[in-house]
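One structure below.
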Amino acid sequence: MTDAALTPGATSGPRARFDSEAWVMRGGIAIAGIFLIVAVILPLYAMLSKSFEDKDGAFVGLTNYATYFDTPSLSYSISNSLTVSIVATVIVISLAFAYAYAITRTCMPFKGFFRLVALVPILAPSLLPGISFIYMFGKKGFMRDLLLGEPIYGFIGIVLGSSFWTFPHALLIMITALSLSDARLYEAAEALRASRLRTFFTVTLPGAKYGVISAIFVVFTLVITDFGVPKVIGGQYSVLATDIYKQVIGQQNFQMGAVVSVMLLIPAVLAFGVDRLVQRRQVALLSARAVPYEPKPARGRDIGALVFCTVMAGMLLLVLGVAAYASLVKFWPYNLELGLTHYNFEIMDGGGWGAWFNSMKLAALTALIGTTMIFTVAYLVEKGQGARFGRVVIQAMAMVPLAVPGMVLGLAYIFFFNNPSNPLNGIYATLAILVLSTVAHFYTVAHLTAVTALKQIDGEFESVSSSLKVPFWITFRRVTVPVCQPALFSMAVYLFMNAMTTVSAVVFLYSPDTNLASVAVMNMDDAGDIAPAAAMAMMIVYTNLTVVLIYGVVSRVVEKRTQAWRRR
Amino acid sequence: MSASAPYLRLQGVSKSFGSFTALQDIALDVNEGEFVCFLGPSGCGKTTLLRIIAGLEIQSAGQITQAEVDISNLPPSQRDFGIVFQSYALFPNLTVNKNVAYGLDNTGSAREATSNRVEELLALVGLPDQGDKYPAQLSGGQQQRVALARALAMSPGLLLLDEPLSALDAKVRGHLRHEIKSLQRRLGVTTIMVTHDQEEALTMADRIVVMDHGVVEQVGSPLEIYREPVSPFVANFIGTMNQLPCEVNGAGGVKLGALSLACQDHKIQSGAPAILAIRPEDVIPHGAGARSPGAPDVIESPGNAFDARIEDMEFLGSFFRAELSCEALGESHLLADFSINAVRRMGLETGKDLTVELPADRVRIFSSGAV
Ligand SMILES: Nc1ncnc2c1ncn2[C@@H]1O[C@H](COP(=O)(O)OP(=O)(O)OP(=O)(O)O)[C@@H](O)[C@H]1O
Ligand SMILES: [Mg+2]
């Protein structure tokens, strides 16, 4: 590593002589940079260059892209993907806004309950709603008449399934946006005798604007990049994410897979970029003196909110309940006797209980290694001294995974790691590559959690400890980590749950030895074993539920023990 | 160390952030045991200079010597200082004891020695028996003392304080000012404190370094800085100073409109435009017409005096501040502070005429290019 490159302007004038601490710091920053380059940048580069090559690896310019656009069965997926994404986004945003409004701005009872129920979809893989909807609206579905003869497979199914699993993501953002409001604005509106409706359009909506915009982009990106829902319930309705899978797994056409990946990468990157631009323009609407808004009872509104939330929560629970019930029923819809036969995964293809154990291993390792790694990198970036250029680059690289769809990342990993000339080729088809890809896949959100927590602690801890001749890593261990412990917990839980539920990246990377629960759900569903698929999906839900409960208990205990020094 | 060598010496220290020059060619000597204040308006580079002395920031040019060792390029961990930040930067998850012992723990000294030292330090800053509390359980002033104890724990040769009192309310601040100062005297530790509060600097410092826009404007004892400011900036920044445009009239005089006044010696060319500066409290009131010989109530006719009218008068607690006008001043006004006693004795009030004297040894002249 050349230090001149990392400290610009260091050529003239005095410069700090490096002590061992500075070397450790620089070493850490270098390792972090190399990690992100290997885990994110190089695979993406391999994927991009693959899209410009023919089967023998010769550069062919835009030929593959030309073929893509000349093949209607392929290029048609672009408009399909956009259509379902836009429709699902509109539905989810409207419903989530109303739901969040009911929770934050009305006096309806059971708010806590409704809030919890709405988060339930996060526990499940996106394959689960697809399976449930087949039970509800499929050929033998008990609610199929509601569709008036339309098939659930295809457009309707994808929109419904996507709406289910993206709902909590939109809701969380909206609740935050609507909670951040200043009561004084409402008092002013009231003093000016503005009507309810007028107040809504002049105070409520502008205040929540950035939250809504952010939620729109998040939902759109989640839907367009999702693989689970269209895989299970998409039928003949092809979208970009399933096309990548078909090209790579079905036809072994890696070049075309790379081209489709680029097609999927473009809207994801655009949505990401626009969202960043918009958020940057957000000014702090809330001054430090803002008075939190306390809703006052209004009978009609509160009853309306209660009815709406009850219906919504009922539907969310119904979708989950159907999967849970179907997994226990002997032979839907002919023999409704309950039993655990479908949980006997050993007699099915898909890896049996071993797949679930592998998923547990993957999730635990991702949570452990990911949290450690991501937090340490965030620390070096936020609190590091020197090597400014390196830290800026790492910060930028840490944002990239958010814009990269899982399918694209998975394929990129094949190209990069399955290359015999890559010294890291050895991790291909092992658990290690699954952990690496999952950490990379969910890197950004965890990174942002860590950065937010680090920004809240005093910037002079490092200066104080160097004045006391204590190296920074001791302060990191003795102070920074304990102070940031709530953020570390939530990062770990986030990584664990996502590692349990994800299909998209790992579907390209698992091997017969490292079968995963989520992939098993997909494979059993593919093979027509839909009840065992529901059972495995429920196992994922139960696992995540257990983890969330443990998290709740542990963080409450820790909070009690540390409340003496944590300011509230 | 030889008696003459300063403990800390800065030579030609400059710092730029990109194209912005935060510090320019700073030279400064600090003697052993001295209490020095960096005083200046916000953004003038005080903190930057303090951080450079600590090694937390690296100067773009210049040399720093501490105890006759060139420390210009040393990282903070190899320098000898303790520091207190404005935010205190106490470790919230460690008790007061552990905060103070933080540096000692790392030296591998015996546990008992450490705990004795911690006890001693907490007693020193007036916080015995608070060792088992967490910082969040202490008041702002107490936290400040803990930060001070922690900074002193390793017996540093140099104590650096960056606006240590600015987060506290006025009463606590006044009390702690006194305590820090007497603690510093007792320990004899060379101390540099950054502040933008002139009162703080005047009451605490042995010497004040007045800074503006990245340069040192003046270095001197509080009295020197107050009595003999070298520039209108310093004059204005510390206390209040009348500044009136005038014209130089020989070596020891100026012309203020039609008036000829005597003043301190200066080196400005005769006939050049200049600025006459005098503090409000140095203006002496006399009864109206005191200049006319034989007037009643006059023992000796004052020199350097002229007639003026009180345009406005404000009661400021222990004295009155009057705004005076007279022909020679044209549009500008002269501020003068009158004691309650004088006001009562002479019956001073708004609209009243009087004679004011500007004692020549209190009248300073600055060249107007210096504004
Ligand atoms: N890291 C930095 N990058 C760019 N500019 C900086 C940096 N640190 C300080 N500056 C600039 O240098 C100037 C001096 O800053 P400094 O913090 O030393 O001021 P100060 O005298 O301590 O002010 P205050 O009384 O407000 O604390 C300011 O204009 C500031 O904006
Ligand atoms: Mg400062």
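Residues are named by chain letter and number: chains run A, B, ... in the order of the structure tokens, numbers start at 1 in each chain, and ligands are numbered from 1 in the order shown.
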With a cut-off of 7 Å and counting only C-alpha atoms, select all residues of chain B in contact with chain A and give the selection as number ranges by chain. B: 56, 58-61, 73-77, 81-83, 89, 91-93, 103, 106, 134, 136
For ligand 1, list the contacting residues at 10 Å or closer, counting only C-alpha atoms and all ligand atoms, as a PyMOL selection string. chain B and resi 15-23+38-52+57+86+162-163+194-197+211-214
I need the residues of range 47-202 of chain A that end up classed as helix (DSSP H, G or I) by DSSP on the backbone, written out as a ChimeraX atom specification. /A:47-50,63-70,72-105,111-118,120-123,127-137,144-147,155-179,183-191,196-202
What's the 10 Å shell around Asp349 in chain A, counting only C-alpha atoms, without same-chain residues fewer than 2 positions away, as an mmCIF file with N, CA, C and O atoms, in the first residue's frame?
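In the end it all went to result.cif:
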```cif
data_model
loop_
_atom_site.group_PDB
_atom_site.id
_atom_site.type_symbol
_atom_site.label_atom_id
_atom_site.label_comp_id
_atom_site.auth_asym_id
_atom_site.auth_seq_id
_atom_site.Cartn_x
_atom_site.Cartn_y
_atom_site.Cartn_z
ATOM 1 N N PHE A 345 -39.215 -33.787 5.921
ATOM 2 C CA PHE A 345 -38.553 -33.333 4.699
ATOM 3 C C PHE A 345 -37.612 -34.372 4.113
ATOM 4 O O PHE A 345 -37.215 -34.279 2.961
ATOM 5 N N GLU A 346 -37.271 -35.393 4.925
ATOM 6 C CA GLU A 346 -36.260 -36.351 4.449
ATOM 7 C C GLU A 346 -36.724 -37.115 3.219
ATOM 8 O O GLU A 346 -35.931 -37.546 2.402
ATOM 9 N N ILE A 347 -38.060 -37.274 3.096
ATOM 10 C CA ILE A 347 -38.533 -38.055 1.957
ATOM 11 C C ILE A 347 -38.731 -37.194 0.714
ATOM 12 O O ILE A 347 -39.173 -37.657 -0.318
ATOM 13 N N GLY A 351 -33.227 -31.429 0.019
ATOM 14 C CA GLY A 351 -32.173 -31.369 1.023
ATOM 15 C C GLY A 351 -32.616 -31.737 2.418
ATOM 16 O O GLY A 351 -31.808 -31.797 3.332
ATOM 17 N N GLY A 352 -33.920 -31.960 2.620
ATOM 18 C CA GLY A 352 -34.391 -32.416 3.918
ATOM 19 C C GLY A 352 -34.101 -31.428 5.031
ATOM 20 O O GLY A 352 -33.914 -30.233 4.798
ATOM 21 N N ALA A 520 -34.858 -24.806 -0.682
ATOM 22 C CA ALA A 520 -35.655 -26.030 -0.639
ATOM 23 C C ALA A 520 -37.127 -25.725 -0.855
ATOM 24 O O ALA A 520 -37.832 -26.473 -1.537
ATOM 25 N N ASN A 523 -37.481 -25.355 -4.532
ATOM 26 C CA ASN A 523 -37.334 -26.600 -5.279
ATOM 27 C C ASN A 523 -38.499 -27.559 -5.042
ATOM 28 O O ASN A 523 -38.953 -28.232 -5.970
ATOM 29 N N MET A 524 -38.996 -27.623 -3.820
ATOM 30 C CA MET A 524 -40.135 -28.504 -3.545
ATOM 31 C C MET A 524 -41.379 -27.987 -4.248
ATOM 32 O O MET A 524 -42.153 -28.738 -4.816
ATOM 33 N N ALA A 527 -41.179 -28.901 -7.797
ATOM 34 C CA ALA A 527 -41.450 -30.320 -8.024
ATOM 35 C C ALA A 527 -42.906 -30.667 -7.743
ATOM 36 O O ALA A 527 -43.296 -31.826 -7.826
ATOM 37 N N ASP A 529 -44.384 -30.397 -4.871
ATOM 38 C CA ASP A 529 -44.601 -30.725 -3.453
ATOM 39 C C ASP A 529 -44.928 -29.453 -2.691
ATOM 40 O O ASP A 529 -44.145 -28.986 -1.859
#
```
Give me the residues within 9 Å of Arg362 in chain B as a PyMOL selection string, counting only C-alpha atoms and dropping any in the same chain fewer than 4 places off. chain B and resi 227+263-264+277-279+282-283+358
My list of candidates is A:Tyr45, A:Phe496, A:Trp353, A:Phe308. Which is closest to Tyr99 in chain A when distances are computed with only C-alpha atoms? A:Phe308
8 Å contact set for Gly339 in chain A, only C-alpha atoms, chain neighbours under 5 positions out, as an mmCIF file with C-alpha atoms, in the first residue's frame:
```
data_model
loop_
_atom_site.group_PDB
_atom_site.id
_atom_site.type_symbol
_atom_site.label_atom_id
_atom_site.label_comp_id
_atom_site.auth_asym_id
_atom_site.auth_seq_id
_atom_site.Cartn_x
_atom_site.Cartn_y
_atom_site.Cartn_z
ATOM 1 C CA LEU A 328 -50.376 -29.253 8.591
ATOM 2 C CA VAL A 329 -53.249 -30.585 6.510
ATOM 3 C CA LYS A 330 -52.816 -34.163 5.282
#
```
For Leu8 in chain B, please output as a ChimeraX atom specification all residues within 8 Å (counting only C-alpha atoms; exclusion window: fewer than 6 positions along the same chain). /B:29-32,64-68
Give me the residues within 10 Å of Ile93 in chain A as number ranges by chain, counting only C-alpha atoms and dropping any in the same chain fewer than 2 places off. A: 88-91, 95-99, 163, 166-167, 170-171, 174, 212-213, 215-216, 219-220
Between CA of Asp226 in chain A and CA of Ile86 in chain A - distance in Å to one decimal: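 These two atoms are separated by 13.5 Å.
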Go ahead and compute the interatomic distance for CA of Pro285 in chain B and CA of Met346 in chain B, in Å to one decimal.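 CA of Pro285 in chain B sits 8.8 Å away from CA of Met346 in chain B.
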In Å, how far is it from CA of Tyr65 in chain A to CA of Gly235 in chain A?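 Interatomic distance here is 25.4 Å.
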Just list the residues in range 39-117 of chain B DSSP gives strand (DSSP E) on the backbone, as a count of residues only. 12
